[in-house]
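Chemist: Can you read through this structure? Questions will come right after.
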Amino acid sequence: MTSLEGKTILIVGASSGIGLTTARQTAALGGHVVMVSRSMEKLEAAAKQVDGSREMHAVNMLDEEATAALLSHIDTIDHLLLTAAADENKRRARLSDLTAEQMRAFFR
């Protein structure tokens, strides 16, 4: 497997499922994992399963100010994994329905 040494990986939805599994594997490969979820309680429980460099942030990613505050504290994001999907799909459009401008807005 490829080493992730020196890489920062931000995982939204890191408190369970695919996000948590990816966080465990990423840390095992030497990456620094930024674990994001809405619930700090769930993140704290999940983080106990991640051996390696990690940090946790309870953030509602639909809150633009909270998301901006999170991103302002991270120098570099080498990889981004979005696994969370609660009511986001109800409040946003299907990925296939987004315009190019809407897609660019996600990464500003």
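Going by the structure tokens order, chains are called A, B, ..., each with residues numbered from 1, while ligands are numbered from 1 in the order shown.
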Just want the 7 Å neighbourhood of range 57-70 of chain A, counted on only C-alpha atoms, with same-chain residues fewer than 5 positions away dropped. Output as a ChimeraX atom specification.

Modeler: /A:35-40

Chemist: Mind dumping the selected residues with C-alpha atoms as a PDB file, in the first residue's frame?

Modeler:
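Dumped everything to part_32.pdb:
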ATOM      1  CA  MET A  35     -12.231  13.667  11.587  1.00  0.00           C
ATOM      2  CA  VAL A  36     -15.424  15.683  11.104  1.00  0.00           C
ATOM      3  CA  SER A  37     -18.943  14.846  12.218  1.00  0.00           C
ATOM      4  CA  ARG A  38     -21.870  16.689  13.755  1.00  0.00           C
ATOM      5  CA  SER A  39     -21.524  14.924  17.107  1.00  0.00           C
ATOM      6  CA  MET A  40     -18.432  15.340  19.273  1.00  0.00           C
TER       7      MET A  40
END

Chemist: Quick check for you: according to DSSP on this backbone, which residues of range 16-108 of chain A are classed as strand (DSSP E)? Reply as a list in words.

Modeler: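 For range 16-108 of chain A, the strand (DSSP E) set is His32, Val33, Val34, Met35, Val36, Ser37, Arg54, Glu55, Met56, His57, Ala58, His79, Leu80, Leu81 and Leu82 of chain A.
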
Chemist: Using N, CA, C and O atoms, can you export the residues from the last selection as a short mmCIF file (atom, residue, chain, number, x, y, z; two decimals), in the first residue's frame?

Modeler:
data_model
loop_
_atom_site.label_atom_id
_atom_site.label_comp_id
_atom_site.auth_asym_id
_atom_site.auth_seq_id
_atom_site.Cartn_x
_atom_site.Cartn_y
_atom_site.Cartn_z
N HIS A 32 -2.33 12.13 8.49
CA HIS A 32 -2.97 12.88 9.57
C HIS A 32 -4.44 13.00 9.21
O HIS A 32 -4.79 13.54 8.16
N VAL A 33 -5.31 12.48 10.08
CA VAL A 33 -6.73 12.43 9.80
C VAL A 33 -7.45 13.57 10.53
O VAL A 33 -7.33 13.71 11.75
N VAL A 34 -8.19 14.36 9.78
CA VAL A 34 -9.08 15.38 10.35
C VAL A 34 -10.47 14.77 10.31
O VAL A 34 -11.09 14.65 9.24
N MET A 35 -10.94 14.34 11.48
CA MET A 35 -12.23 13.67 11.59
C MET A 35 -13.33 14.70 11.85
O MET A 35 -13.25 15.45 12.83
N VAL A 36 -14.33 14.72 10.99
CA VAL A 36 -15.42 15.68 11.10
C VAL A 36 -16.75 14.95 11.15
O VAL A 36 -16.99 14.01 10.38
N SER A 37 -17.60 15.37 12.07
CA SER A 37 -18.94 14.85 12.22
C SER A 37 -19.75 15.89 12.98
O SER A 37 -19.18 16.81 13.55
N ARG A 54 -4.45 12.19 14.52
CA ARG A 54 -5.82 12.56 14.22
C ARG A 54 -6.26 13.76 15.04
O ARG A 54 -5.67 14.06 16.07
N GLU A 55 -7.25 14.43 14.54
CA GLU A 55 -7.92 15.49 15.29
C GLU A 55 -9.40 15.40 14.98
O GLU A 55 -9.79 14.84 13.96
N MET A 56 -10.21 15.93 15.88
CA MET A 56 -11.66 15.82 15.74
C MET A 56 -12.30 17.20 15.76
O MET A 56 -11.87 18.08 16.52
N HIS A 57 -13.35 17.35 14.94
CA HIS A 57 -14.10 18.61 14.90
C HIS A 57 -15.57 18.28 14.71
O HIS A 57 -15.94 17.62 13.74
N ALA A 58 -16.39 18.75 15.65
CA ALA A 58 -17.84 18.61 15.52
C ALA A 58 -18.33 19.84 14.75
O ALA A 58 -18.28 20.96 15.26
N HIS A 79 -6.28 15.38 0.78
CA HIS A 79 -7.38 14.54 0.29
C HIS A 79 -8.62 14.88 1.09
O HIS A 79 -8.54 15.16 2.29
N LEU A 80 -9.77 14.82 0.43
CA LEU A 80 -11.06 15.11 1.06
C LEU A 80 -12.00 13.96 0.77
O LEU A 80 -12.15 13.55 -0.39
N LEU A 81 -12.63 13.43 1.82
CA LEU A 81 -13.60 12.35 1.67
C LEU A 81 -14.91 12.79 2.31
O LEU A 81 -14.94 13.12 3.50
N LEU A 82 -15.97 12.81 1.53
CA LEU A 82 -17.30 13.17 2.02
C LEU A 82 -18.15 11.91 2.06
O LEU A 82 -18.50 11.37 1.01
#

Chemist: Identify, on the basis of only C-alpha atoms, every residue whose closest approach to Leu20 in chain A does not exceed 10 Å; exclude the query and any residue fewer than 5 positions from it along the same chain; express the result as a PDB file with N, CA and C atoms, in the first residue's frame.

Modeler:
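As a result, part.pdb now contains:
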ATOM      1  N   ILE A  11     -11.963  13.990   6.588  1.00  0.00           N
ATOM      2  CA  ILE A  11     -13.045  13.035   6.374  1.00  0.00           C
ATOM      3  C   ILE A  11     -14.307  13.554   7.048  1.00  0.00           C
ATOM      4  N   VAL A  12     -15.300  13.890   6.240  1.00  0.00           N
ATOM      5  CA  VAL A  12     -16.607  14.316   6.748  1.00  0.00           C
ATOM      6  C   VAL A  12     -17.463  13.066   6.869  1.00  0.00           C
ATOM      7  N   GLY A  13     -17.978  12.835   8.071  1.00  0.00           N
ATOM      8  CA  GLY A  13     -18.716  11.606   8.339  1.00  0.00           C
ATOM      9  C   GLY A  13     -17.801  10.548   8.927  1.00  0.00           C
ATOM     10  N   ALA A  14     -16.800  10.994   9.676  1.00  0.00           N
ATOM     11  CA  ALA A  14     -15.764  10.098  10.184  1.00  0.00           C
ATOM     12  C   ALA A  14     -16.149   9.345  11.445  1.00  0.00           C
ATOM     13  N   SER A  15     -17.342   9.560  11.968  1.00  0.00           N
ATOM     14  CA  SER A  15     -17.686   8.923  13.242  1.00  0.00           C
ATOM     15  C   SER A  15     -18.245   7.511  13.094  1.00  0.00           C
ATOM     16  N   GLN A  25      -7.808   3.343   8.371  1.00  0.00           N
ATOM     17  CA  GLN A  25      -6.836   2.936   7.356  1.00  0.00           C
ATOM     18  C   GLN A  25      -5.871   4.070   7.015  1.00  0.00           C
ATOM     19  N   THR A  26      -6.392   5.280   6.940  1.00  0.00           N
ATOM     20  CA  THR A  26      -5.560   6.450   6.635  1.00  0.00           C
ATOM     21  C   THR A  26      -4.500   6.652   7.712  1.00  0.00           C
ATOM     22  N   MET A  35     -10.941  14.344  11.475  1.00  0.00           N
ATOM     23  CA  MET A  35     -12.231  13.667  11.587  1.00  0.00           C
ATOM     24  C   MET A  35     -13.327  14.698  11.853  1.00  0.00           C
ATOM     25  N   LEU A  43     -17.699  11.342  17.678  1.00  0.00           N
ATOM     26  CA  LEU A  43     -16.314  11.472  17.239  1.00  0.00           C
ATOM     27  C   LEU A  43     -15.346  10.953  18.291  1.00  0.00           C
ATOM     28  N   ALA A  46     -15.409   7.252  18.224  1.00  0.00           N
ATOM     29  CA  ALA A  46     -14.774   6.761  16.995  1.00  0.00           C
ATOM     30  C   ALA A  46     -13.265   6.929  17.045  1.00  0.00           C
ATOM     31  N   ALA A  47     -12.798   8.054  17.576  1.00  0.00           N
ATOM     32  CA  ALA A  47     -11.362   8.346  17.607  1.00  0.00           C
ATOM     33  C   ALA A  47     -10.586   7.314  18.410  1.00  0.00           C
ATOM     34  N   GLN A  49     -10.821   4.329  18.101  1.00  0.00           N
ATOM     35  CA  GLN A  49     -10.544   3.233  17.178  1.00  0.00           C
ATOM     36  C   GLN A  49      -9.498   3.606  16.126  1.00  0.00           C
ATOM     37  N   VAL A  50      -9.024   4.848  16.175  1.00  0.00           N
ATOM     38  CA  VAL A  50      -8.069   5.330  15.177  1.00  0.00           C
ATOM     39  C   VAL A  50      -6.708   5.490  15.834  1.00  0.00           C
ATOM     40  N   THR A  83     -18.468  11.456   3.268  1.00  0.00           N
ATOM     41  CA  THR A  83     -19.286  10.246   3.386  1.00  0.00           C
ATOM     42  C   THR A  83     -20.604  10.516   4.101  1.00  0.00           C
TER      43      THR A  83
END

Chemist: Can you list, as a list in words, every protein, DNA or RNA residue that comes within 12 Å of Thr2 in chain A when you count only C-alpha atoms, leaving out same-chain residues fewer than 2 positions away?

Modeler: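 Once the adjacent positions are removed, what remains is Leu4, Glu5, Lys7, Gln25, Thr26, Ala28, Leu29, Gly30 and Gly31 of chain A.
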
Chemist: Just give me the gap between CA of Gly6 in chain A and CA of Glu41 in chain A in Å, one decimal is fine.

Modeler: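 Atom-to-atom, CA of Gly6 in chain A and CA of Glu41 in chain A are spaced 27.6 Å apart.
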